[in-house]
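With PDB, C-alpha atoms and all ligand atoms inside, this is final.pdb:
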```pdb
ATOM      1  CA  MET A   1     -62.933 -50.059  15.754
ATOM      2  CA  LEU A   2     -66.162 -48.151  15.190
ATOM      3  CA  ILE A   3     -67.487 -45.260  17.287
ATOM      4  CA  ALA A   4     -71.021 -43.888  16.941
ATOM      5  CA  GLN A   5     -71.102 -40.307  18.209
ATOM      6  CA  LEU A   6     -74.462 -38.866  19.165
ATOM      7  CA  SER A   7     -74.366 -35.271  20.295
ATOM      8  CA  ASP A   8     -76.595 -32.605  21.778
ATOM      9  CA  LEU A   9     -79.557 -34.779  22.687
ATOM     10  CA  HIS A  10     -81.230 -32.041  24.782
ATOM     11  CA  ILE A  11     -83.446 -34.548  26.591
ATOM     12  CA  ARG A  12     -86.399 -33.024  28.485
ATOM     13  CA  VAL A  13     -88.479 -34.235  31.395
ATOM     14  CA  SER A  14     -91.106 -36.827  30.566
ATOM     15  CA  GLY A  15     -93.809 -35.451  28.280
ATOM     16  CA  GLN A  16     -92.124 -32.105  27.557
ATOM     17  CA  LYS A  17     -90.794 -30.881  24.250
ATOM     18  CA  LEU A  18     -87.817 -28.666  23.582
ATOM     19  CA  TYR A  19     -88.915 -25.085  22.801
ATOM     20  CA  ASP A  20     -92.457 -26.506  23.072
ATOM     21  CA  HIS A  21     -92.277 -28.227  19.689
ATOM     22  CA  ILE A  22     -89.218 -30.515  19.313
ATOM     23  CA  ASP A  23     -89.812 -33.968  20.784
ATOM     24  CA  THR A  24     -86.182 -34.634  21.716
ATOM     25  CA  ASN A  25     -87.058 -37.617  23.927
ATOM     26  CA  THR A  26     -88.781 -39.485  21.107
ATOM     27  CA  LEU A  27     -85.998 -38.559  18.689
ATOM     28  CA  CYS A  28     -83.383 -39.865  21.083
ATOM     29  CA  ALA A  29     -85.228 -43.152  21.693
ATOM     30  CA  ARG A  30     -85.510 -43.574  17.929
ATOM     31  CA  HIS A  31     -81.777 -42.934  17.450
ATOM     32  CA  VAL A  32     -80.908 -45.491  20.109
ATOM     33  CA  ALA A  33     -82.994 -48.119  18.301
ATOM     34  CA  TYR A  34     -81.306 -47.152  15.016
ATOM     35  CA  ILE A  35     -77.805 -47.514  16.475
ATOM     36  CA  ASN A  36     -78.714 -50.870  18.034
ATOM     37  CA  ALA A  37     -79.793 -52.130  14.598
ATOM     38  CA  LEU A  38     -76.797 -50.874  12.567
ATOM     39  CA  SER A  39     -75.505 -53.481  10.117
ATOM     40  CA  GLU A  40     -71.959 -52.768  11.319
ATOM     41  CA  PRO A  41     -72.421 -52.511  15.074
ATOM     42  CA  PRO A  42     -70.287 -49.875  16.816
ATOM     43  CA  ASP A  43     -67.811 -50.917  19.486
ATOM     44  CA  ILE A  44     -68.820 -47.949  21.569
ATOM     45  CA  VAL A  45     -71.215 -45.016  21.594
ATOM     46  CA  VAL A  46     -70.048 -41.529  22.588
ATOM     47  CA  LEU A  47     -72.512 -38.888  23.775
ATOM     48  CA  SER A  48     -70.651 -35.609  23.393
ATOM     49  CA  GLY A  49     -72.565 -33.338  25.720
ATOM     50  CA  ASP A  50     -75.881 -31.527  26.145
ATOM     51  CA  ILE A  51     -77.366 -34.831  27.225
ATOM     52  CA  THR A  52     -80.196 -32.799  28.751
ATOM     53  CA  ASN A  53     -81.537 -29.339  28.002
ATOM     54  CA  CYS A  54     -81.735 -27.792  31.476
ATOM     55  CA  GLY A  55     -79.575 -30.118  33.579
ATOM     56  CA  GLU A  56     -82.548 -30.948  35.834
ATOM     57  CA  PRO A  57     -82.837 -34.223  37.785
ATOM     58  CA  GLY A  58     -86.088 -35.087  35.972
ATOM     59  CA  GLU A  59     -84.331 -34.762  32.636
ATOM     60  CA  TYR A  60     -81.528 -37.065  33.763
ATOM     61  CA  SER A  61     -84.118 -39.628  34.893
ATOM     62  CA  MET A  62     -85.555 -39.545  31.401
ATOM     63  CA  ALA A  63     -82.037 -39.733  29.927
ATOM     64  CA  ARG A  64     -81.322 -42.826  32.021
ATOM     65  CA  ARG A  65     -84.512 -44.498  30.796
ATOM     66  CA  ILE A  66     -83.683 -43.829  27.158
ATOM     67  CA  LEU A  67     -79.914 -44.373  27.227
ATOM     68  CA  LYS A  68     -80.015 -47.650  29.135
ATOM     69  CA  GLN A  69     -81.442 -49.140  25.940
ATOM     70  CA  ILE A  70     -78.103 -48.655  24.152
ATOM     71  CA  ASP A  71     -76.613 -52.093  23.525
ATOM     72  CA  PHE A  72     -72.977 -50.915  23.462
ATOM     73  CA  PRO A  73     -70.553 -49.490  26.016
ATOM     74  CA  THR A  74     -71.304 -45.773  26.193
ATOM     75  CA  PHE A  75     -69.085 -42.862  27.175
ATOM     76  CA  ILE A  76     -70.391 -39.453  28.140
ATOM     77  CA  ILE A  77     -69.012 -35.942  28.506
ATOM     78  CA  PRO A  78     -70.977 -32.932  29.710
ATOM     79  CA  GLY A  79     -72.001 -29.899  27.656
ATOM     80  CA  ASN A  80     -73.093 -26.398  28.569
ATOM     81  CA  HIS A  81     -76.728 -27.517  28.985
ATOM     82  CA  ASP A  82     -75.723 -30.194  31.492
ATOM     83  CA  ASN A  83     -75.361 -29.936  35.237
ATOM     84  CA  ASN A  84     -72.434 -32.058  36.357
ATOM     85  CA  PRO A  85     -73.603 -32.851  39.929
ATOM     86  CA  ASN A  86     -77.082 -33.805  38.697
ATOM     87  CA  MET A  87     -75.593 -35.826  35.863
ATOM     88  CA  ILE A  88     -73.297 -37.771  38.185
ATOM     89  CA  ASP A  89     -76.162 -38.340  40.657
ATOM     90  CA  ALA A  90     -78.448 -39.759  37.992
ATOM     91  CA  LEU A  91     -76.056 -41.410  35.563
ATOM     92  CA  GLY A  92     -72.904 -42.082  37.600
ATOM     93  CA  LYS A  93     -73.870 -45.678  38.388
ATOM     94  CA  CYS A  94     -74.501 -46.512  34.726
ATOM     95  CA  TYR A  95     -71.443 -44.574  33.512
ATOM     96  CA  PRO A  96     -68.813 -44.908  36.271
ATOM     97  CA  HIS A  97     -66.132 -43.224  34.127
ATOM     98  CA  LEU A  98     -67.824 -39.933  35.053
ATOM     99  CA  GLY A  99     -66.253 -40.312  38.506
ATOM    100  CA  ASN A 100     -67.460 -38.567  41.657
ATOM    101  CA  ASP A 101     -65.968 -35.113  41.228
ATOM    102  CA  PRO A 102     -68.207 -32.819  39.164
ATOM    103  CA  ASP A 103     -65.354 -30.307  38.754
ATOM    104  CA  ASN A 104     -62.911 -32.830  37.303
ATOM    105  CA  ILE A 105     -64.494 -35.096  34.736
ATOM    106  CA  ALA A 106     -61.666 -36.424  32.556
ATOM    107  CA  TYR A 107     -60.845 -39.995  31.607
ATOM    108  CA  THR A 108     -59.269 -42.217  29.007
ATOM    109  CA  VAL A 109     -60.410 -45.345  27.199
ATOM    110  CA  GLU A 110     -57.446 -47.567  26.387
ATOM    111  CA  ASP A 111     -59.115 -50.663  24.936
ATOM    112  CA  PHE A 112     -58.867 -49.770  21.235
ATOM    113  CA  PRO A 113     -56.226 -49.099  18.566
ATOM    114  CA  ILE A 114     -56.987 -45.377  18.931
ATOM    115  CA  ARG A 115     -56.591 -44.082  22.462
ATOM    116  CA  LEU A 116     -59.596 -42.007  23.500
ATOM    117  CA  ILE A 117     -59.421 -39.068  25.902
ATOM    118  CA  PHE A 118     -62.561 -37.427  27.228
ATOM    119  CA  LEU A 119     -62.448 -33.876  28.638
ATOM    120  CA  ASP A 120     -65.023 -31.655  30.306
ATOM    121  CA  SER A 121     -65.078 -28.234  28.612
ATOM    122  CA  SER A 122     -68.256 -27.057  30.349
ATOM    123  CA  CYS A 123     -68.232 -24.046  32.639
ATOM    124  CA  HIS A 124     -70.969 -24.200  35.278
ATOM    125  CA  GLY A 125     -73.778 -21.744  34.472
ATOM    126  CA  LYS A 126     -72.153 -20.501  31.284
ATOM    127  CA  VAL A 127     -72.881 -21.215  27.629
ATOM    128  CA  HIS A 128     -69.289 -20.898  26.466
ATOM    129  CA  GLY A 129     -66.643 -23.440  27.414
ATOM    130  CA  ASN A 130     -63.295 -23.395  29.146
ATOM    131  CA  LEU A 131     -60.674 -26.007  30.009
ATOM    132  CA  SER A 132     -59.543 -25.689  33.609
ATOM    133  CA  SER A 133     -55.847 -25.620  34.509
ATOM    134  CA  ASN A 134     -56.389 -28.984  36.228
ATOM    135  CA  THR A 135     -57.783 -30.467  33.036
ATOM    136  CA  LEU A 136     -54.961 -29.112  30.905
ATOM    137  CA  SER A 137     -52.239 -30.370  33.230
ATOM    138  CA  TRP A 138     -53.969 -33.768  33.526
ATOM    139  CA  LEU A 139     -54.104 -33.905  29.728
ATOM    140  CA  LYS A 140     -50.401 -33.141  29.398
ATOM    141  CA  LYS A 141     -49.476 -35.886  31.866
ATOM    142  CA  THR A 142     -51.858 -38.312  30.186
ATOM    143  CA  LEU A 143     -50.466 -37.637  26.705
ATOM    144  CA  ARG A 144     -46.893 -38.017  27.962
ATOM    145  CA  LYS A 145     -47.686 -41.551  29.160
ATOM    146  CA  GLU A 146     -48.431 -42.868  25.639
ATOM    147  CA  PRO A 147     -46.468 -40.696  23.211
ATOM    148  CA  THR A 148     -46.682 -43.100  20.286
ATOM    149  CA  GLN A 149     -50.298 -44.156  20.643
ATOM    150  CA  GLN A 150     -52.617 -42.449  18.142
ATOM    151  CA  THR A 151     -55.154 -40.497  20.160
ATOM    152  CA  ALA A 152     -58.497 -38.766  19.706
ATOM    153  CA  ILE A 153     -59.749 -36.177  22.198
ATOM    154  CA  PHE A 154     -63.477 -35.745  22.809
ATOM    155  CA  MET A 155     -64.834 -32.527  24.346
ATOM    156  CA  HIS A 156     -68.116 -30.647  23.964
ATOM    157  CA  HIS A 157     -67.011 -27.158  22.905
ATOM    158  CA  PRO A 158     -64.823 -26.752  19.814
ATOM    159  CA  PRO A 159     -61.510 -25.130  20.700
ATOM    160  CA  LEU A 160     -61.203 -22.617  17.853
ATOM    161  CA  PRO A 161     -63.469 -20.284  15.865
ATOM    162  CA  THR A 162     -64.686 -21.677  12.541
ATOM    163  CA  GLY A 163     -66.585 -18.692  11.110
ATOM    164  CA  CYS A 164     -70.000 -19.843  12.354
ATOM    165  CA  LEU A 165     -70.398 -16.549  14.196
ATOM    166  CA  HIS A 166     -72.834 -17.317  17.012
ATOM    167  CA  MET A 167     -70.994 -20.529  17.847
ATOM    168  CA  ASP A 168     -67.630 -18.775  17.747
ATOM    169  CA  THR A 169     -68.731 -16.518  20.608
ATOM    170  CA  ILE A 170     -69.597 -19.540  22.778
ATOM    171  CA  ARG A 171     -66.738 -21.885  21.861
ATOM    172  CA  CYS A 172     -64.137 -23.159  24.334
ATOM    173  CA  MET A 173     -62.694 -19.715  24.997
ATOM    174  CA  ASN A 174     -59.224 -20.889  25.992
ATOM    175  CA  GLY A 175     -59.093 -23.555  23.277
ATOM    176  CA  ASP A 176     -55.936 -21.958  21.879
ATOM    177  CA  ARG A 177     -54.148 -23.292  24.984
ATOM    178  CA  LEU A 178     -55.269 -26.804  24.061
ATOM    179  CA  ILE A 179     -54.048 -26.376  20.489
ATOM    180  CA  GLU A 180     -50.706 -25.095  21.776
ATOM    181  CA  LEU A 181     -50.455 -28.064  24.158
ATOM    182  CA  VAL A 182     -51.236 -30.752  21.594
ATOM    183  CA  LYS A 183     -48.617 -29.328  19.209
ATOM    184  CA  GLU A 184     -46.103 -31.142  21.427
ATOM    185  CA  PHE A 185     -48.006 -34.404  20.994
ATOM    186  CA  PRO A 186     -48.289 -35.391  17.340
ATOM    187  CA  GLN A 187     -50.019 -38.614  18.363
ATOM    188  CA  VAL A 188     -53.218 -36.544  18.715
ATOM    189  CA  ILE A 189     -54.936 -36.973  15.361
ATOM    190  CA  ARG A 190     -58.425 -35.658  16.086
ATOM    191  CA  ILE A 191     -60.309 -33.337  18.426
ATOM    192  CA  ILE A 192     -63.957 -34.354  18.263
ATOM    193  CA  CYS A 193     -66.649 -32.057  19.609
ATOM    194  CA  GLY A 194     -70.371 -31.369  19.726
ATOM    195  CA  HIS A 195     -71.993 -28.005  20.583
ATOM    196  CA  THR A 196     -72.216 -26.546  17.052
ATOM    197  CA  HIS A 197     -75.217 -28.714  16.069
ATOM    198  CA  ARG A 198     -73.599 -29.094  12.660
ATOM    199  CA  ALA A 199     -70.897 -31.221  11.054
ATOM    200  CA  ILE A 200     -67.875 -28.935  10.687
ATOM    201  CA  PHE A 201     -64.349 -30.075   9.782
ATOM    202  CA  HIS A 202     -61.401 -27.816  10.437
ATOM    203  CA  GLN A 203     -57.697 -28.548  10.034
ATOM    204  CA  VAL A 204     -55.084 -26.834  12.196
ATOM    205  CA  ASN A 205     -51.394 -27.781  12.210
ATOM    206  CA  GLY A 206     -52.288 -31.077  10.543
ATOM    207  CA  LEU A 207     -54.789 -31.860  13.296
ATOM    208  CA  ILE A 208     -58.446 -32.361  12.323
ATOM    209  CA  ILE A 209     -61.036 -30.763  14.578
ATOM    210  CA  CYS A 210     -64.561 -31.932  13.880
ATOM    211  CA  THR A 211     -67.932 -31.170  15.379
ATOM    212  CA  ALA A 212     -71.013 -33.377  15.231
ATOM    213  CA  PRO A 213     -74.532 -32.560  14.083
ATOM    214  CA  SER A 214     -77.208 -32.668  16.778
ATOM    215  CA  ALA A 215     -79.411 -35.657  17.463
ATOM    216  CA  ALA A 216     -82.255 -33.119  17.636
ATOM    217  CA  HIS A 217     -82.173 -29.611  16.079
ATOM    218  CA  GLN A 218     -79.462 -28.096  13.889
ATOM    219  CA  VAL A 219     -77.786 -24.686  13.829
ATOM    220  CA  PRO A 220     -77.259 -22.966  10.467
ATOM    221  CA  PHE A 221     -73.666 -22.104   9.550
ATOM    222  CA  ASN A 222     -74.264 -18.352   9.648
ATOM    223  CA  THR A 223     -71.270 -16.061   9.231
ATOM    224  CA  THR A 224     -73.020 -12.754   9.937
ATOM    225  CA  ASP A 225     -75.665 -13.254  12.651
ATOM    226  CA  THR A 226     -74.338 -13.302  16.228
ATOM    227  CA  ARG A 227     -77.791 -14.008  17.729
ATOM    228  CA  GLY A 228     -77.969 -17.628  16.624
ATOM    229  CA  SER A 229     -80.915 -19.649  15.395
ATOM    230  CA  TYR A 230     -81.898 -23.284  14.969
ATOM    231  CA  SER A 231     -83.565 -25.302  12.248
ATOM    232  CA  LEU A 232     -85.303 -28.625  11.879
ATOM    233  CA  GLU A 233     -82.824 -29.867   9.317
ATOM    234  CA  PRO A 234     -82.780 -33.638   9.895
ATOM    235  CA  PRO A 235     -80.681 -35.002  12.772
ATOM    236  CA  ALA A 236     -77.455 -36.875  12.120
ATOM    237  CA  MET A 237     -74.460 -38.342  13.911
ATOM    238  CA  LEU A 238     -70.758 -38.807  13.280
ATOM    239  CA  MET A 239     -69.169 -42.216  12.873
ATOM    240  CA  HIS A 240     -65.451 -42.710  13.477
ATOM    241  CA  ARG A 241     -63.939 -45.887  12.097
ATOM    242  CA  TYR A 242     -60.417 -47.195  12.372
ATOM    243  CA  THR A 243     -58.836 -50.066  10.484
ATOM    244  CA  VAL A 244     -55.157 -50.696   9.775
ATOM    245  CA  GLU A 245     -55.853 -50.274   6.043
ATOM    246  CA  THR A 246     -57.763 -46.992   6.216
ATOM    247  CA  GLY A 247     -56.529 -45.295   9.376
ATOM    248  CA  PHE A 248     -59.050 -43.200  11.329
ATOM    249  CA  VAL A 249     -61.934 -42.141   9.088
ATOM    250  CA  SER A 250     -64.870 -39.973  10.198
ATOM    251  CA  TYR A 251     -68.153 -39.684   8.331
ATOM    252  CA  VAL A 252     -71.656 -38.325   8.776
ATOM    253  CA  MET A 253     -74.621 -40.683   9.105
ATOM    254  CA  SER A 254     -78.127 -39.290   8.686
ATOM    255  CA  LEU A 255     -80.684 -40.068  11.384
ATOM    256  CA  ALA A 256     -83.605 -38.965   9.219
ATOM    257  CA  SER A 257     -86.234 -41.344   7.844
ATOM    258  CA  TYR A 258     -85.607 -42.010   4.189
ATOM    259  CA  ASP A 259     -86.113 -44.647   1.494
ATOM    260  CA  GLY A 260     -83.403 -47.133   0.487
ATOM    261  CA  PRO A 261     -80.770 -48.333   0.286
ATOM    262  CA  PHE A 262     -81.365 -49.591  -3.261
ATOM    263  CA  ARG A 263     -78.881 -51.703  -5.214
ATOM    264  CA  PHE A 264     -77.312 -49.911  -8.181
ATOM    265  CA  ASP A 265     -79.144 -51.095 -11.294
ATOM    266  CA  THR A 266     -76.526 -51.561 -14.005
ATOM    267  CA  THR A 267     -79.217 -52.120 -16.668
ATOM    268  CA  CYS A 268     -80.252 -48.469 -16.527
ATOM    269  CA  GLY A 269     -77.145 -46.802 -15.101
ATOM    270  CA  CYS A 270     -74.672 -44.717 -17.115
ATOM    271  CA  PRO A 271     -72.147 -45.426 -18.394
ATOM    272  CA  GLN A 272     -73.300 -48.927 -19.284
ATOM    273  CA  GLU A 273     -70.856 -51.566 -18.128
TER     274      GLU A 273
HETATM  275 FE    FE B   1     -76.483 -28.319  22.241
END
```
Now, as a test, write the supplied structure out as structure tokens.
Ligand SMILES: [Fe+2]
Amino acid sequence: MLIAQLSDLHIRVSGQKLYDHIDTNTLCARHVAYINALSEPPDIVVLSGDITNCGEPGEYSMARRILKQIDFPTFIIPGNHDNNPNMIDALGKCYPHLGNDPDNIAYTVEDFPIRLIFLDSSCHGKVHGNLSSNTLSWLKKTLRKEPTQQTAIFMHHPPLPTGCLHMDTIRCMNGDRLIELVKEFPQVIRIICGHTHRAIFHQVNGLIICTAPSAAHQVPFNTTDTRGSYSLEPPAMLMHRYTVETGFVSYVMSLASYDGPFRFDTTCGCPQE
């Protein structure tokens, strides 16, 4: 099982750039082509929120045009830059798992050796996240149904502070309730997020929480500046791969243009074999 996780696409309306200089639409189209051509094709693609930048209908039209090119089943959760009603209006037909209720987006994917649970941590009109009581009780019931099935939870906002100060102030503010809840369910082996625009790995009670880099701009891991800033460090994505031999392994894959791969040349490598 292989999952390609693209996050924080921040798609704009046709012809517009993010912050007037980042061409997120072109970047996203390029990433889609890259994923479609991977030598080990993913089973699914996950888009972990901030599909658009302003949640506007025109941005979702552009998102539909770009994302329909993905050759693999694709699963979406909203982020703080999304607008759930507009997202469901524009993308609901292509991604029926979103359902019809913008206040209760939560679903499972049961077709793989790792059970996947998708939660909405967005809070309409707010930058920070929150898990509603409905979502938390749905999660508890859902986890109780398959207590021995290894499970990964996807949500946009990370549930705990990591020391990246600006992001800590806009995390999922009641994420401690999620961590408390999953303590009862040791089958949960990963919480996989977006939002931080940076690959961050954090272990709590034996559970790994990871966040994905952005498909567009990145956020420096800054421990002193609460204002936040972004950089044009190259985009990247997370891959999550499960086999019986390895278990569930997550790794970063660059989405930058670069030379290679080149075969190792044993005639000039050290030590000589
Ligand atoms: Fe974002």
When the PyMOL selection byres (((chain A and resi 152-155) around 7) and not hetatm) is applied to the structure above, which residues does it catch, written out as a PDB file with C-alpha atoms, in the coordinates of the input?
```pdb
ATOM      1  CA  SER A  48     -70.651 -35.609  23.393  1.00  0.00           C
ATOM      2  CA  ILE A  77     -69.012 -35.942  28.506  1.00  0.00           C
ATOM      3  CA  ILE A 114     -56.987 -45.377  18.931  1.00  0.00           C
ATOM      4  CA  ARG A 115     -56.591 -44.082  22.462  1.00  0.00           C
ATOM      5  CA  LEU A 116     -59.596 -42.007  23.500  1.00  0.00           C
ATOM      6  CA  ILE A 117     -59.421 -39.068  25.902  1.00  0.00           C
ATOM      7  CA  PHE A 118     -62.561 -37.427  27.228  1.00  0.00           C
ATOM      8  CA  LEU A 119     -62.448 -33.876  28.638  1.00  0.00           C
ATOM      9  CA  ASP A 120     -65.023 -31.655  30.306  1.00  0.00           C
ATOM     10  CA  SER A 121     -65.078 -28.234  28.612  1.00  0.00           C
ATOM     11  CA  THR A 151     -55.154 -40.497  20.160  1.00  0.00           C
ATOM     12  CA  HIS A 156     -68.116 -30.647  23.964  1.00  0.00           C
ATOM     13  CA  HIS A 157     -67.011 -27.158  22.905  1.00  0.00           C
ATOM     14  CA  VAL A 188     -53.218 -36.544  18.715  1.00  0.00           C
ATOM     15  CA  ILE A 189     -54.936 -36.973  15.361  1.00  0.00           C
ATOM     16  CA  ARG A 190     -58.425 -35.658  16.086  1.00  0.00           C
ATOM     17  CA  ILE A 191     -60.309 -33.337  18.426  1.00  0.00           C
ATOM     18  CA  ILE A 192     -63.957 -34.354  18.263  1.00  0.00           C
ATOM     19  CA  CYS A 193     -66.649 -32.057  19.609  1.00  0.00           C
TER      20      CYS A 193
END
```
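For the residues A:Ser250, A:Asn36, A:Gln150, A:Gln187, ranking by smallest atom-to-atom distance to Gln69 of chain A using all atoms listed in the file places A:Asn36 first.
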Given the file shown, enumerate the residues that the PyMOL selection byres (((chain A and resi 61) around 12) and not hetatm) captures and present them as a PyMOL selection string.
-> chain A and resi 11-14+25+51-52+55-60+62-68+86-92+94
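Nearest to Val252 of chain A of all the residues A:Leu232, A:Met173, A:Ile209, A:Ala199 is A:Ala199, counting all atoms listed in the file.
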Residues at most 6 Å from ligand FE 1 (chain B), using all atoms listed in the file? Could they come as a PyMOL selection string?
-> chain A and resi 8+50+195
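If you measure from each of A:Val45, A:His124, A:Pro271, A:Glu40 to Pro78 of chain A using only C-alpha atoms, the closest one turns out to be A:His124.
Contact shell of Asp23 of chain A at 10 Å (only C-alpha atoms; same-chain neighbours under 6 positions omitted): A:His10, A:Ile11, A:Arg12, A:Gly15, A:Gln16, A:Lys17, A:Ala216, A:His217.
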Missing atoms in segment 236-252 of chain A: fill them in up to N, CA, C and O atoms and send the result as a PDB file, keeping the file's coordinate frame.
```pdb
ATOM      1  N   ALA A 236     -78.503 -35.994  12.656  1.00  0.00           N
ATOM      2  CA  ALA A 236     -77.455 -36.875  12.120  1.00  0.00           C
ATOM      3  C   ALA A 236     -76.439 -37.146  13.222  1.00  0.00           C
ATOM      4  O   ALA A 236     -76.504 -36.555  14.306  1.00  0.00           O
ATOM      5  N   MET A 237     -75.533 -38.072  12.941  1.00  0.00           N
ATOM      6  CA  MET A 237     -74.460 -38.342  13.911  1.00  0.00           C
ATOM      7  C   MET A 237     -73.152 -38.526  13.153  1.00  0.00           C
ATOM      8  O   MET A 237     -73.143 -38.677  11.922  1.00  0.00           O
ATOM      9  N   LEU A 238     -72.057 -38.506  13.880  1.00  0.00           N
ATOM     10  CA  LEU A 238     -70.758 -38.807  13.280  1.00  0.00           C
ATOM     11  C   LEU A 238     -70.380 -40.242  13.614  1.00  0.00           C
ATOM     12  O   LEU A 238     -70.659 -40.734  14.718  1.00  0.00           O
ATOM     13  N   MET A 239     -69.749 -40.897  12.650  1.00  0.00           N
ATOM     14  CA  MET A 239     -69.169 -42.216  12.873  1.00  0.00           C
ATOM     15  C   MET A 239     -67.659 -42.065  12.724  1.00  0.00           C
ATOM     16  O   MET A 239     -67.190 -41.329  11.831  1.00  0.00           O
ATOM     17  N   HIS A 240     -66.914 -42.746  13.554  1.00  0.00           N
ATOM     18  CA  HIS A 240     -65.451 -42.710  13.477  1.00  0.00           C
ATOM     19  C   HIS A 240     -64.982 -44.163  13.410  1.00  0.00           C
ATOM     20  O   HIS A 240     -65.279 -44.952  14.317  1.00  0.00           O
ATOM     21  N   ARG A 241     -64.278 -44.483  12.338  1.00  0.00           N
ATOM     22  CA  ARG A 241     -63.939 -45.887  12.097  1.00  0.00           C
ATOM     23  C   ARG A 241     -62.450 -46.016  11.862  1.00  0.00           C
ATOM     24  O   ARG A 241     -61.870 -45.276  11.054  1.00  0.00           O
ATOM     25  N   TYR A 242     -61.849 -46.943  12.565  1.00  0.00           N
ATOM     26  CA  TYR A 242     -60.417 -47.195  12.372  1.00  0.00           C
ATOM     27  C   TYR A 242     -60.195 -48.620  11.906  1.00  0.00           C
ATOM     28  O   TYR A 242     -60.741 -49.573  12.485  1.00  0.00           O
ATOM     29  N   THR A 243     -59.400 -48.767  10.819  1.00  0.00           N
ATOM     30  CA  THR A 243     -58.836 -50.066  10.484  1.00  0.00           C
ATOM     31  C   THR A 243     -57.370 -49.810  10.123  1.00  0.00           C
ATOM     32  O   THR A 243     -56.991 -48.674   9.799  1.00  0.00           O
ATOM     33  N   VAL A 244     -56.575 -50.849  10.139  1.00  0.00           N
ATOM     34  CA  VAL A 244     -55.157 -50.696   9.775  1.00  0.00           C
ATOM     35  C   VAL A 244     -55.055 -50.173   8.347  1.00  0.00           C
ATOM     36  O   VAL A 244     -54.212 -49.326   8.032  1.00  0.00           O
ATOM     37  N   GLU A 245     -55.927 -50.652   7.463  1.00  0.00           N
ATOM     38  CA  GLU A 245     -55.853 -50.274   6.043  1.00  0.00           C
ATOM     39  C   GLU A 245     -56.229 -48.813   5.818  1.00  0.00           C
ATOM     40  O   GLU A 245     -55.630 -48.129   4.992  1.00  0.00           O
ATOM     41  N   THR A 246     -57.240 -48.338   6.521  1.00  0.00           N
ATOM     42  CA  THR A 246     -57.763 -46.992   6.216  1.00  0.00           C
ATOM     43  C   THR A 246     -57.267 -45.923   7.172  1.00  0.00           C
ATOM     44  O   THR A 246     -57.378 -44.734   6.875  1.00  0.00           O
ATOM     45  N   GLY A 247     -56.766 -46.301   8.346  1.00  0.00           N
ATOM     46  CA  GLY A 247     -56.529 -45.295   9.376  1.00  0.00           C
ATOM     47  C   GLY A 247     -57.860 -44.856   9.969  1.00  0.00           C
ATOM     48  O   GLY A 247     -58.874 -45.551   9.838  1.00  0.00           O
ATOM     49  N   PHE A 248     -57.871 -43.686  10.590  1.00  0.00           N
ATOM     50  CA  PHE A 248     -59.050 -43.200  11.329  1.00  0.00           C
ATOM     51  C   PHE A 248     -59.892 -42.332  10.392  1.00  0.00           C
ATOM     52  O   PHE A 248     -59.468 -41.261   9.970  1.00  0.00           O
ATOM     53  N   VAL A 249     -61.061 -42.805  10.051  1.00  0.00           N
ATOM     54  CA  VAL A 249     -61.934 -42.141   9.088  1.00  0.00           C
ATOM     55  C   VAL A 249     -63.214 -41.703   9.809  1.00  0.00           C
ATOM     56  O   VAL A 249     -63.806 -42.490  10.547  1.00  0.00           O
ATOM     57  N   SER A 250     -63.629 -40.455   9.580  1.00  0.00           N
ATOM     58  CA  SER A 250     -64.870 -39.973  10.198  1.00  0.00           C
ATOM     59  C   SER A 250     -65.871 -39.647   9.098  1.00  0.00           C
ATOM     60  O   SER A 250     -65.497 -39.086   8.068  1.00  0.00           O
ATOM     61  N   TYR A 251     -67.125 -39.992   9.326  1.00  0.00           N
ATOM     62  CA  TYR A 251     -68.153 -39.684   8.331  1.00  0.00           C
ATOM     63  C   TYR A 251     -69.490 -39.396   9.011  1.00  0.00           C
ATOM     64  O   TYR A 251     -69.708 -39.758  10.168  1.00  0.00           O
ATOM     65  N   VAL A 252     -70.341 -38.717   8.251  1.00  0.00           N
ATOM     66  CA  VAL A 252     -71.656 -38.325   8.776  1.00  0.00           C
ATOM     67  C   VAL A 252     -72.670 -39.398   8.430  1.00  0.00           C
ATOM     68  O   VAL A 252     -72.668 -39.919   7.317  1.00  0.00           O
TER      69      VAL A 252
END
```
